[in-house]
file my_file09.csv (CSV, C-alpha atoms)
chain,number,residue,atom,x,y,z
A,1,HIS,CA,-115.3,91.4,-109.5
A,2,PRO,CA,-112.7,92.9,-111.8
A,3,CYS,CA,-109.6,90.8,-111.2
A,4,ALA,CA,-106.0,91.3,-112.2
A,5,SER,CA,-103.5,88.5,-113.0
A,6,GLY,CA,-100.4,88.2,-110.9
A,7,GLN,CA,-96.9,86.9,-111.7
A,8,ARG,CA,-98.0,84.2,-114.1
A,9,GLY,CA,-97.0,84.2,-117.8
A,10,SER,CA,-94.6,86.1,-119.9
A,11,GLY,CA,-97.0,88.4,-121.8
A,12,PRO,CA,-97.8,92.0,-120.8
A,13,THR,CA,-99.8,92.1,-117.6
A,14,LEU,CA,-100.6,94.4,-114.7
A,15,GLU,CA,-99.3,93.9,-111.2
A,16,ALA,CA,-102.3,92.6,-109.3
A,17,TRP,CA,-102.3,94.6,-106.1
A,18,SER,CA,-101.5,97.9,-107.8
A,19,ALA,CA,-104.3,97.2,-110.3
A,20,ILE,CA,-107.0,96.3,-107.8
A,21,THR,CA,-106.1,99.3,-105.5
A,22,TRP,CA,-106.5,101.6,-108.5
A,23,MET,CA,-109.9,99.9,-109.3
A,24,ALA,CA,-111.1,100.2,-105.7
A,25,ALA,CA,-110.1,103.9,-105.6
A,26,SER,CA,-111.8,104.6,-108.9
A,27,THR,CA,-115.2,103.0,-107.9
A,28,THR,CA,-117.6,103.0,-105.1
A,29,ARG,CA,-119.7,99.8,-105.4
A,30,ILE,CA,-117.9,97.0,-107.1
A,31,ARG,CA,-115.9,94.4,-105.2
A,32,VAL,CA,-112.3,93.7,-106.2
A,33,CYS,CA,-110.0,90.7,-105.9
A,34,PRO,CA,-106.7,89.4,-107.3
A,35,ALA,CA,-107.1,86.3,-109.4
A,36,VAL,CA,-105.0,85.1,-107.7
A,37,LEU,CA,-102.3,86.4,-105.4
A,38,ALA,CA,-99.5,83.8,-105.4
A,39,ILE,CA,-98.6,83.5,-101.7
A,40,PRO,CA,-95.0,82.4,-102.2
A,41,TYR,CA,-94.1,85.9,-103.6
A,42,ARG,CA,-95.1,87.8,-100.5
A,43,HIS,CA,-94.8,86.9,-96.8
A,44,PRO,CA,-98.3,86.2,-95.4
A,45,LEU,CA,-97.8,88.8,-92.6
A,46,VAL,CA,-97.3,91.4,-95.4
A,47,VAL,CA,-100.3,90.1,-97.3
A,48,ALA,CA,-102.4,90.4,-94.1
A,49,LYS,CA,-101.4,94.0,-93.7
A,50,MET,CA,-101.9,94.8,-97.3
A,51,ALA,CA,-105.4,93.2,-97.2
A,52,GLU,CA,-106.5,95.0,-94.0
A,53,THR,CA,-105.4,98.4,-95.4
A,54,LEU,CA,-107.1,97.9,-98.8
A,55,ASP,CA,-110.2,96.4,-97.3
A,56,ARG,CA,-110.6,99.3,-94.8
A,57,LEU,CA,-109.9,102.0,-97.4
A,58,SER,CA,-112.4,100.4,-99.9
A,59,ASP,CA,-115.2,100.2,-97.4
A,60,HIS,CA,-114.8,96.4,-97.2
A,61,ARG,CA,-115.0,95.6,-100.9
A,62,LEU,CA,-112.0,93.3,-101.0
A,63,VAL,CA,-112.1,89.6,-101.7
A,64,LEU,CA,-108.7,88.1,-100.9
A,65,ALA,CA,-108.1,85.3,-103.5
A,66,LEU,CA,-104.8,83.4,-102.9
A,67,GLY,CA,-102.9,80.7,-104.7
A,68,ALA,CA,-99.9,78.5,-104.1
A,69,GLY,CA,-98.0,79.7,-107.2
A,70,GLY,CA,-98.6,77.6,-110.3
A,71,ASP,CA,-95.8,79.1,-112.4
A,72,ASP,CA,-92.6,77.3,-111.7
A,73,ALA,CA,-90.8,79.5,-114.2
A,74,ALA,CA,-91.6,82.5,-112.0
A,75,PHE,CA,-90.1,80.7,-109.0
A,76,ALA,CA,-86.9,80.1,-111.0
A,77,ALA,CA,-86.8,83.7,-112.1
A,78,MET,CA,-86.9,84.9,-108.5
A,79,GLY,CA,-84.4,82.3,-107.4
A,80,GLN,CA,-86.9,80.3,-105.4
A,81,ALA,CA,-86.7,76.5,-105.1
A,82,HIS,CA,-89.0,74.3,-107.0
A,83,ARG,CA,-91.9,73.1,-104.8
A,84,THR,CA,-93.9,69.9,-105.2
A,85,GLY,CA,-97.7,70.0,-105.1
A,86,ALA,CA,-97.7,68.8,-101.5
A,87,GLU,CA,-95.1,71.5,-100.5
A,88,LYS,CA,-97.3,74.1,-102.2
A,89,ARG,CA,-100.3,72.9,-100.3
A,90,ASP,CA,-98.5,73.0,-97.0
A,91,LEU,CA,-97.1,76.5,-97.7
A,92,LEU,CA,-100.6,77.8,-98.5
A,93,ALA,CA,-102.1,76.1,-95.4
A,94,GLU,CA,-99.5,77.8,-93.2
A,95,ALA,CA,-100.1,81.1,-94.9
A,96,LEU,CA,-103.8,80.8,-94.1
A,97,ASP,CA,-103.0,80.0,-90.5
A,98,VAL,CA,-100.9,83.1,-90.3
A,99,ILE,CA,-103.4,85.4,-92.0
A,100,HIS,CA,-106.3,84.2,-89.8
A,101,GLY,CA,-104.1,84.3,-86.7
A,102,LEU,CA,-103.2,87.9,-87.3
A,103,GLY,CA,-106.9,88.9,-87.8
A,104,SER,CA,-107.5,89.5,-84.1
A,105,GLY,CA,-104.9,92.3,-83.9
A,106,THR,CA,-103.2,90.8,-80.8
A,107,PRO,CA,-99.6,89.6,-80.8
A,108,PHE,CA,-99.4,86.2,-82.5
A,109,ASP,CA,-96.8,83.4,-82.3
A,110,TYR,CA,-96.6,80.8,-85.0
A,111,SER,CA,-94.1,78.0,-85.7
A,112,GLY,CA,-94.5,76.1,-88.9
A,113,THR,CA,-92.3,74.5,-91.5
A,114,GLN,CA,-92.2,77.5,-93.8
A,115,TYR,CA,-93.2,80.4,-91.5
A,116,HIS,CA,-92.1,81.4,-88.0
A,117,LEU,CA,-93.6,84.5,-86.3
A,118,ARG,CA,-92.9,85.9,-82.9
A,119,ARG,CA,-95.4,88.3,-81.4
A,120,ALA,CA,-96.4,89.4,-84.8
A,121,VAL,CA,-99.3,91.9,-85.0
A,122,ILE,CA,-101.2,94.1,-87.5
A,123,ASN,CA,-102.7,97.2,-86.2
A,124,PRO,CA,-105.4,98.3,-86.8
A,125,PRO,CA,-106.9,94.7,-86.9
A,126,PHE,CA,-109.6,93.5,-89.3
A,127,ASN,CA,-112.8,95.0,-88.1
A,128,THR,CA,-115.0,92.9,-90.4
A,129,HIS,CA,-114.9,89.5,-92.0
A,130,MET,CA,-112.9,89.6,-95.2
A,131,PRO,CA,-113.7,86.7,-97.6
A,132,VAL,CA,-110.6,84.5,-98.4
A,133,TRP,CA,-110.9,82.4,-101.6
A,134,LEU,CA,-108.4,79.9,-102.9
A,135,GLY,CA,-107.5,79.5,-106.6
A,136,VAL,CA,-106.3,76.0,-106.4
A,137,HIS,CA,-107.0,72.5,-107.6
A,138,GLY,CA,-106.2,68.9,-106.6
A,139,PRO,CA,-107.6,66.7,-103.7
A,140,ARG,CA,-105.5,68.2,-101.0
A,141,MET,CA,-106.1,71.7,-102.1
A,142,THR,CA,-109.9,71.3,-102.2
A,143,ARG,CA,-109.9,69.9,-98.7
A,144,LEU,CA,-108.1,73.1,-97.7
A,145,VAL,CA,-110.9,75.1,-99.3
A,146,ALA,CA,-113.6,73.0,-97.5
A,147,GLU,CA,-112.0,73.4,-94.1
A,148,HIS,CA,-110.4,76.9,-94.1
A,149,ALA,CA,-111.6,79.2,-97.0
A,150,ASP,CA,-114.7,81.1,-97.9
A,151,GLY,CA,-114.5,80.3,-101.6
A,152,TRP,CA,-112.9,78.4,-104.4
A,153,LEU,CA,-111.7,80.1,-107.6
A,154,PRO,CA,-110.3,77.6,-110.2
A,155,SER,CA,-109.6,78.7,-113.8
A,156,TYR,CA,-111.1,77.2,-116.9
A,157,PRO,CA,-107.8,76.8,-118.8
A,158,ALA,CA,-106.4,74.8,-115.8
A,159,LEU,CA,-109.4,72.8,-114.8
A,160,SER,CA,-112.2,71.6,-117.2
A,161,PRO,CA,-115.9,72.0,-116.2
A,162,ASP,CA,-116.3,68.3,-115.3
A,163,LEU,CA,-113.4,68.5,-112.9
A,164,VAL,CA,-114.8,71.7,-111.4
A,165,PHE,CA,-118.1,70.1,-110.9
A,166,ASN,CA,-116.4,67.1,-109.2
A,167,GLY,CA,-114.3,69.5,-107.1
A,168,ILE,CA,-117.5,71.3,-106.0
A,169,SER,CA,-119.1,68.0,-104.9
A,170,LYS,CA,-116.0,67.1,-102.9
A,171,ILE,CA,-115.7,70.5,-101.2
A,172,ARG,CA,-119.4,70.3,-100.3
A,173,SER,CA,-119.1,66.8,-98.9
A,174,ARG,CA,-115.9,67.6,-96.9
A,175,ALA,CA,-117.4,70.8,-95.6
A,176,GLU,CA,-120.4,68.9,-94.2
A,177,LYS,CA,-118.0,66.4,-92.5
A,178,VAL,CA,-116.2,69.1,-90.7
A,179,GLY,CA,-119.4,70.9,-89.6
A,180,ARG,CA,-119.6,73.7,-92.2
A,181,ASP,CA,-122.6,74.6,-94.2
A,182,PRO,CA,-121.5,74.1,-97.9
A,183,ALA,CA,-123.9,76.8,-99.0
A,184,THR,CA,-121.7,79.4,-97.2
A,185,ILE,CA,-118.8,78.7,-99.5
A,186,THR,CA,-118.5,80.5,-102.9
A,187,TYR,CA,-117.9,78.2,-105.8
A,188,GLY,CA,-116.2,80.5,-108.4
A,189,TYR,CA,-114.8,79.9,-111.9
A,190,ASN,CA,-112.5,82.1,-113.9
A,191,VAL,CA,-113.6,81.8,-117.5
A,192,PRO,CA,-112.0,83.4,-120.6
A,193,VAL,CA,-114.7,84.4,-123.1
A,194,ARG,CA,-114.5,85.5,-126.7
A,195,PHE,CA,-117.3,86.6,-129.1
A,196,GLY,CA,-117.5,86.1,-132.9
A,197,SER,CA,-119.5,84.0,-135.4
A,198,GLY,CA,-116.3,82.1,-136.4
A,199,GLU,CA,-115.1,81.5,-132.9
A,200,GLN,CA,-115.3,78.1,-131.2
A,201,THR,CA,-115.0,77.0,-127.6
A,202,THR,CA,-111.6,75.4,-126.9
A,203,PRO,CA,-109.9,74.1,-123.7
A,204,HIS,CA,-108.6,77.6,-123.2
A,205,ARG,CA,-111.7,79.7,-123.6
A,206,VAL,CA,-115.5,79.7,-124.1
A,207,ALA,CA,-116.2,81.3,-127.5
A,208,GLY,CA,-118.9,81.9,-130.1
A,209,SER,CA,-122.1,83.9,-130.3
A,210,PRO,CA,-123.5,85.6,-127.2
A,211,GLN,CA,-126.2,82.9,-127.2
A,212,HIS,CA,-123.7,80.1,-127.3
A,213,VAL,CA,-121.5,81.7,-124.6
A,214,ALA,CA,-124.5,82.2,-122.4
A,215,ALA,CA,-125.7,78.6,-122.8
A,216,THR,CA,-122.3,77.3,-122.0
A,217,LEU,CA,-122.0,79.5,-118.9
A,218,THR,CA,-125.5,78.5,-117.8
A,219,GLU,CA,-124.4,74.8,-117.7
A,220,PHE,CA,-121.5,75.8,-115.4
A,221,VAL,CA,-124.0,77.4,-113.0
A,222,ARG,CA,-126.3,74.4,-113.2
A,223,GLY,CA,-123.2,72.3,-112.3
A,224,GLY,CA,-122.8,74.2,-109.0
A,225,VAL,CA,-120.8,77.3,-109.9
A,226,THR,CA,-122.1,80.2,-107.9
A,227,HIS,CA,-119.7,83.0,-109.1
A,228,LEU,CA,-118.4,83.6,-112.6
A,229,ASN,CA,-115.4,85.8,-113.2
A,230,LEU,CA,-115.4,86.4,-117.0
A,231,TRP,CA,-112.1,87.3,-118.8
A,232,PRO,CA,-112.6,88.9,-122.2
A,233,VAL,CA,-109.8,87.7,-124.5
A,234,GLY,CA,-108.7,88.9,-127.9
A,235,ILE,CA,-110.1,92.3,-127.1
A,236,ALA,CA,-110.5,94.6,-130.1
A,237,ASP,CA,-113.2,96.8,-128.5
A,238,PHE,CA,-113.3,96.2,-124.7
A,239,ASP,CA,-116.4,98.4,-124.2
A,240,SER,CA,-118.2,96.4,-126.8
A,241,VAL,CA,-117.3,93.1,-125.1
A,242,ILE,CA,-118.5,94.4,-121.7
A,243,SER,CA,-121.7,95.6,-123.3
A,244,THR,CA,-122.3,92.2,-124.8
A,245,LEU,CA,-121.7,90.5,-121.5
A,246,THR,CA,-124.0,92.8,-119.5
A,247,ARG,CA,-126.8,93.1,-122.0
A,248,GLU,CA,-126.9,89.8,-123.8
A,249,VAL,CA,-125.0,87.1,-121.8
A,250,ILE,CA,-125.6,87.7,-118.1
A,251,PRO,CA,-129.4,88.4,-118.5
A,252,ARG,CA,-129.8,85.1,-120.3
A,253,ILE,CA,-127.9,83.2,-117.6
A,254,ARG,CA,-130.1,84.8,-114.9
A,255,ALA,CA,-133.3,84.2,-116.7
A,256,VAL,CA,-132.6,80.4,-117.1
A,257,THR,CA,-131.2,79.9,-113.6
A,258,ALA,CA,-133.5,82.2,-111.6
A,259,ASP,CA,-135.8,79.4,-110.6
call {"tool": "encode", "arguments": {"input": "my_file09.csv", "output": "structure tokens"}}
result
Amino acid sequence: HPCASGQRGSGPTLEAWSAITWMAASTTRIRVCPAVLAIPYRHPLVVAKMAETLDRLSDHRLVLALGAGGDDAAFAAMGQAHRTGAEKRDLLAEALDVIHGLGSGTPFDYSGTQYHLRRAVINPPFNTHMPVWLGVHGPRMTRLVAEHADGWLPSYPALSPDLVFNGISKIRSRAEKVGRDPATITYGYNVPVRFGSGEQTTPHRVAGSPQHVAATLTEFVRGGVTHLNLWPVGIADFDSVISTLTREVIPRIRAVTAD
């Protein structure tokens, strides 16, 4: 899942939807997702239409990963009001209601605190189930994942492994309480990685030799993570980093966790 960052941060970056559209058009087998698309920057009706179009044109290879918008500086830059954690959770919950409600392709009315729709429709409608993941954290947000999403995608710099393992446990428990099979939910983790004999793991990245990186990532899988999205950082030779991941790191993880 090659993923492109969204509005977050002040460094050079690619616009997420343009990047994953280019990736989908340039490939035939890989799945693509934004990591993650901050919902306050786009109306959920627009997001639903964007997603249906890209999912259809890519032969259903889109994973729609959404977030509530963690960068308050970006809100200020666009003239949006500051939102509390609870307000962000409610905004994202309403956006999910809207996206799911539009999925049938029939006129849809909705009256929430943030969004109001009147006979809204997207045509053509979704003709297959498109996974919706949430890149969120916090008790209220993880309940939202357990009840309404297909996957969870927190990020290593924002949430430590122990907190991710705890979050997975809570999502699984909540899913069972509402009648969902926890095994049908994807438990992802965005992890920045860097290779080098002098590199050390920090709260911002997993780093070191390929053997050390593989061992660390293996512990994440043992803790309940079912999907790793690896972000190469400090890229001097991108092809070399990808080769190390595919030839030395991922096979080690699979060999240890296969049974």
call {"tool": "closest_residue", "arguments": {"input": "my_file09.csv", "among": "A:Phe126, A:Tyr115, A:Tyr189, A:Trp17", "to": "Gly103 (chain A)", "atoms": "all atoms listed in the file"}}
result
A:Phe126
call {"tool": "atom_distance", "arguments": {"input": "my_file09.csv", "atom1": "CA of Thr13 (chain A)", "atom2": "CA of Val63 (chain A)"}}
result
20.3 Å
call {"tool": "closest_residue", "arguments": {"input": "my_file09.csv", "among": "A:Gly188, A:Gly224, A:Pro203, A:Gly167", "to": "Leu134 (chain A)", "atoms": "only C-alpha atoms"}}
result
A:Gly188
call {"tool": "closest_residue", "arguments": {"input": "my_file09.csv", "among": "A:Arg119, A:Lys49, A:Arg222, A:His227", "to": "Ala258 (chain A)", "atoms": "only C-alpha atoms"}}
result
A:Arg222
call {"tool": "atom_distance", "arguments": {"input": "my_file09.csv", "atom1": "CA of Pro182 (chain A)", "atom2": "CA of Leu45 (chain A)"}}
result
28.4 Å
call {"tool": "atom_distance", "arguments": {"input": "my_file09.csv", "atom1": "CA of Val136 (chain A)", "atom2": "CA of Leu14 (chain A)"}}
result
21.0 Å
call {"tool": "residues_around", "arguments": {"input": "my_file09.csv", "residues": "Pro157 (chain A)", "least_positions_apart": "6", "cutoff": "10 Å", "atoms": "only C-alpha atoms", "output": "list in words"}}
result
Asn190, Val191, Pro192, Thr202, Pro203, His204, Arg205 and Val206 of chain A
call {"tool": "closest_residue", "arguments": {"input": "my_file09.csv", "among": "A:Gln114, A:Ile185, A:Asn123, A:His43", "to": "Glu147 (chain A)", "atoms": "all atoms listed in the file"}}
result
A:Ile185
call {"tool": "residues_around", "arguments": {"input": "my_file09.csv", "residues": "region 248-255 of chain A", "least_positions_apart": "5", "cutoff": "8 Å", "atoms": "only C-alpha atoms", "output": "count of residues only"}}
result
8
call {"tool": "closest_atom_pairs", "arguments": {"input": "my_file09.csv", "of": "region 134-208 of chain A", "to": "region 82-93 of chain A", "cutoff": "8 Å", "atoms": "all atoms listed in the file", "output": "Markdown table"}}
result
| residue | atom | partner | partner_atom | distance |
| --- | --- | --- | --- | --- |
| A:Arg140 | CA | A:Arg89 | CA | 7.0 |
| A:Met141 | CA | A:Arg89 | CA | 6.2 |
| A:Leu144 | CA | A:Ala93 | CA | 7.1 |
call {"tool": "closest_residue", "arguments": {"input": "my_file09.csv", "among": "A:Asp55, A:Leu62, A:Gly69, A:His212", "to": "Arg42 (chain A)", "atoms": "all atoms listed in the file"}}
result
A:Gly69
call {"tool": "closest_residue", "arguments": {"input": "my_file09.csv", "among": "A:Ala81, A:Asn127, A:Ala149, A:His60", "to": "Ala95 (chain A)", "atoms": "all atoms listed in the file"}}
result
A:Ala149
call {"tool": "residues_around", "arguments": {"input": "my_file09.csv", "residues": "Trp133 (chain A)", "least_positions_apart": "2", "cutoff": "7 Å", "atoms": "all atoms listed in the file", "output": "PDB file with C-alpha atoms, keeping the file's coordinate frame"}}
result
ATOM      1  CA  LEU A  64    -108.700  88.100-100.900  1.00  0.00           C
ATOM      2  CA  ALA A  65    -108.100  85.300-103.500  1.00  0.00           C
ATOM      3  CA  LEU A  66    -104.800  83.400-102.900  1.00  0.00           C
ATOM      4  CA  PRO A 131    -113.700  86.700 -97.600  1.00  0.00           C
ATOM      5  CA  GLY A 135    -107.500  79.500-106.600  1.00  0.00           C
ATOM      6  CA  ALA A 149    -111.600  79.200 -97.000  1.00  0.00           C
ATOM      7  CA  ASP A 150    -114.700  81.100 -97.900  1.00  0.00           C
ATOM      8  CA  GLY A 151    -114.500  80.300-101.600  1.00  0.00           C
ATOM      9  CA  TRP A 152    -112.900  78.400-104.400  1.00  0.00           C
ATOM     10  CA  LEU A 153    -111.700  80.100-107.600  1.00  0.00           C
TER      11      LEU A 153
END
call {"tool": "residues_around", "arguments": {"input": "my_file09.csv", "residues": "Asn166 (chain A)", "least_positions_apart": "5", "cutoff": "10 Å", "atoms": "all atoms listed in the file", "output": "PDB file with C-alpha atoms, in the frame of the given file"}}
result
ATOM      1  CA  PRO A 161    -115.900  72.000-116.200  1.00  0.00           C
ATOM      2  CA  ILE A 171    -115.700  70.500-101.200  1.00  0.00           C
ATOM      3  CA  ARG A 172    -119.400  70.300-100.300  1.00  0.00           C
ATOM      4  CA  GLY A 223    -123.200  72.300-112.300  1.00  0.00           C
ATOM      5  CA  GLY A 224    -122.800  74.200-109.000  1.00  0.00           C
TER       6      GLY A 224
END
call {"tool": "residues_around", "arguments": {"input": "my_file09.csv", "residues": "Ser58 (chain A)", "least_positions_apart": "2", "cutoff": "9 Å", "atoms": "only C-alpha atoms", "output": "ChimeraX atom specification"}}
result
/A:21,24-25,27-28,31,53-56,60-62
call {"tool": "build_atoms", "arguments": {"input": "my_file09.csv", "residues": "region 60-91 of chain A", "atoms": "N, CA and C atoms", "output": "PDB file, in the frame of the given file"}}
result
ATOM      1  N   HIS A  60    -114.587  97.857 -97.262  1.00  0.00           N
ATOM      2  CA  HIS A  60    -114.800  96.400 -97.200  1.00  0.00           C
ATOM      3  C   HIS A  60    -115.317  95.798 -98.465  1.00  0.00           C
ATOM      4  N   ARG A  61    -114.620  96.138 -99.542  1.00  0.00           N
ATOM      5  CA  ARG A  61    -115.000  95.600-100.900  1.00  0.00           C
ATOM      6  C   ARG A  61    -113.946  94.609-101.393  1.00  0.00           C
ATOM      7  N   LEU A  62    -113.026  94.176-100.544  1.00  0.00           N
ATOM      8  CA  LEU A  62    -112.000  93.300-101.000  1.00  0.00           C
ATOM      9  C   LEU A  62    -112.343  91.815-100.776  1.00  0.00           C
ATOM     10  N   VAL A  63    -112.105  91.014-101.790  1.00  0.00           N
ATOM     11  CA  VAL A  63    -112.100  89.600-101.700  1.00  0.00           C
ATOM     12  C   VAL A  63    -110.641  89.133-101.856  1.00  0.00           C
ATOM     13  N   LEU A  64    -110.062  88.479-100.871  1.00  0.00           N
ATOM     14  CA  LEU A  64    -108.700  88.100-100.900  1.00  0.00           C
ATOM     15  C   LEU A  64    -108.558  86.682-101.522  1.00  0.00           C
ATOM     16  N   ALA A  65    -108.222  86.602-102.797  1.00  0.00           N
ATOM     17  CA  ALA A  65    -108.100  85.300-103.500  1.00  0.00           C
ATOM     18  C   ALA A  65    -106.599  84.951-103.549  1.00  0.00           C
ATOM     19  N   LEU A  66    -106.245  83.810-102.997  1.00  0.00           N
ATOM     20  CA  LEU A  66    -104.800  83.400-102.900  1.00  0.00           C
ATOM     21  C   LEU A  66    -104.592  82.104-103.655  1.00  0.00           C
ATOM     22  N   GLY A  67    -103.356  81.943-104.091  1.00  0.00           N
ATOM     23  CA  GLY A  67    -102.900  80.700-104.700  1.00  0.00           C
ATOM     24  C   GLY A  67    -101.577  80.293-104.204  1.00  0.00           C
ATOM     25  N   ALA A  68    -101.194  79.068-104.551  1.00  0.00           N
ATOM     26  CA  ALA A  68     -99.900  78.500-104.100  1.00  0.00           C
ATOM     27  C   ALA A  68     -98.774  78.789-105.024  1.00  0.00           C
ATOM     28  N   GLY A  69     -99.065  79.393-106.171  1.00  0.00           N
ATOM     29  CA  GLY A  69     -98.000  79.700-107.200  1.00  0.00           C
ATOM     30  C   GLY A  69     -97.899  78.522-108.148  1.00  0.00           C
ATOM     31  N   GLY A  70     -98.573  78.675-109.302  1.00  0.00           N
ATOM     32  CA  GLY A  70     -98.600  77.600-110.300  1.00  0.00           C
ATOM     33  C   GLY A  70     -97.518  77.706-111.341  1.00  0.00           C
ATOM     34  N   ASP A  71     -96.818  78.822-111.372  1.00  0.00           N
ATOM     35  CA  ASP A  71     -95.800  79.100-112.400  1.00  0.00           C
ATOM     36  C   ASP A  71     -94.434  78.807-111.928  1.00  0.00           C
ATOM     37  N   ASP A  72     -93.915  77.623-112.189  1.00  0.00           N
ATOM     38  CA  ASP A  72     -92.600  77.300-111.700  1.00  0.00           C
ATOM     39  C   ASP A  72     -91.500  78.134-112.337  1.00  0.00           C
ATOM     40  N   ALA A  73     -91.763  78.646-113.560  1.00  0.00           N
ATOM     41  CA  ALA A  73     -90.800  79.500-114.200  1.00  0.00           C
ATOM     42  C   ALA A  73     -90.615  80.814-113.405  1.00  0.00           C
ATOM     43  N   ALA A  74     -91.719  81.283-112.796  1.00  0.00           N
ATOM     44  CA  ALA A  74     -91.600  82.500-112.000  1.00  0.00           C
ATOM     45  C   ALA A  74     -90.804  82.221-110.729  1.00  0.00           C
ATOM     46  N   PHE A  75     -90.958  81.026-110.132  1.00  0.00           N
ATOM     47  CA  PHE A  75     -90.100  80.700-109.000  1.00  0.00           C
ATOM     48  C   PHE A  75     -88.653  80.724-109.365  1.00  0.00           C
ATOM     49  N   ALA A  76     -88.330  80.129-110.515  1.00  0.00           N
ATOM     50  CA  ALA A  76     -86.900  80.100-111.000  1.00  0.00           C
ATOM     51  C   ALA A  76     -86.407  81.498-111.224  1.00  0.00           C
ATOM     52  N   ALA A  77     -87.255  82.360-111.809  1.00  0.00           N
ATOM     53  CA  ALA A  77     -86.800  83.700-112.100  1.00  0.00           C
ATOM     54  C   ALA A  77     -86.466  84.496-110.864  1.00  0.00           C
ATOM     55  N   MET A  78     -87.132  84.176-109.750  1.00  0.00           N
ATOM     56  CA  MET A  78     -86.900  84.900-108.500  1.00  0.00           C
ATOM     57  C   MET A  78     -85.890  84.122-107.601  1.00  0.00           C
ATOM     58  N   GLY A  79     -85.329  83.042-108.124  1.00  0.00           N
ATOM     59  CA  GLY A  79     -84.400  82.300-107.400  1.00  0.00           C
ATOM     60  C   GLY A  79     -84.960  81.425-106.274  1.00  0.00           C
ATOM     61  N   GLN A  80     -86.263  81.151-106.360  1.00  0.00           N
ATOM     62  CA  GLN A  80     -86.900  80.300-105.400  1.00  0.00           C
ATOM     63  C   GLN A  80     -86.802  78.836-105.792  1.00  0.00           C
ATOM     64  N   ALA A  81     -86.770  77.974-104.799  1.00  0.00           N
ATOM     65  CA  ALA A  81     -86.700  76.500-105.100  1.00  0.00           C
ATOM     66  C   ALA A  81     -87.945  75.998-105.657  1.00  0.00           C
ATOM     67  N   HIS A  82     -87.808  74.975-106.469  1.00  0.00           N
ATOM     68  CA  HIS A  82     -89.000  74.300-107.000  1.00  0.00           C
ATOM     69  C   HIS A  82     -89.728  73.597-105.855  1.00  0.00           C
ATOM     70  N   ARG A  83     -91.061  73.692-105.870  1.00  0.00           N
ATOM     71  CA  ARG A  83     -91.900  73.100-104.800  1.00  0.00           C
ATOM     72  C   ARG A  83     -92.793  72.029-105.461  1.00  0.00           C
ATOM     73  N   THR A  84     -92.936  70.893-104.790  1.00  0.00           N
ATOM     74  CA  THR A  84     -93.900  69.900-105.200  1.00  0.00           C
ATOM     75  C   THR A  84     -95.303  70.361-104.899  1.00  0.00           C
ATOM     76  N   GLY A  85     -96.293  69.642-105.432  1.00  0.00           N
ATOM     77  CA  GLY A  85     -97.700  70.000-105.100  1.00  0.00           C
ATOM     78  C   GLY A  85     -97.962  69.921-103.645  1.00  0.00           C
ATOM     79  N   ALA A  86     -97.434  68.898-102.967  1.00  0.00           N
ATOM     80  CA  ALA A  86     -97.700  68.800-101.500  1.00  0.00           C
ATOM     81  C   ALA A  86     -97.005  69.922-100.765  1.00  0.00           C
ATOM     82  N   GLU A  87     -95.820  70.345-101.199  1.00  0.00           N
ATOM     83  CA  GLU A  87     -95.100  71.500-100.500  1.00  0.00           C
ATOM     84  C   GLU A  87     -95.897  72.765-100.738  1.00  0.00           C
ATOM     85  N   LYS A  88     -96.469  72.943-101.919  1.00  0.00           N
ATOM     86  CA  LYS A  88     -97.300  74.100-102.200  1.00  0.00           C
ATOM     87  C   LYS A  88     -98.518  74.150-101.301  1.00  0.00           C
ATOM     88  N   ARG A  89     -99.131  72.992-101.148  1.00  0.00           N
ATOM     89  CA  ARG A  89    -100.300  72.900-100.300  1.00  0.00           C
ATOM     90  C   ARG A  89     -99.972  73.257 -98.871  1.00  0.00           C
ATOM     91  N   ASP A  90     -98.883  72.718 -98.364  1.00  0.00           N
ATOM     92  CA  ASP A  90     -98.500  73.000 -97.000  1.00  0.00           C
ATOM     93  C   ASP A  90     -98.138  74.464 -96.794  1.00  0.00           C
ATOM     94  N   LEU A  91     -97.474  75.054 -97.790  1.00  0.00           N
ATOM     95  CA  LEU A  91     -97.100  76.500 -97.700  1.00  0.00           C
ATOM     96  C   LEU A  91     -98.383  77.331 -97.640  1.00  0.00           C
TER      97      LEU A  91
END
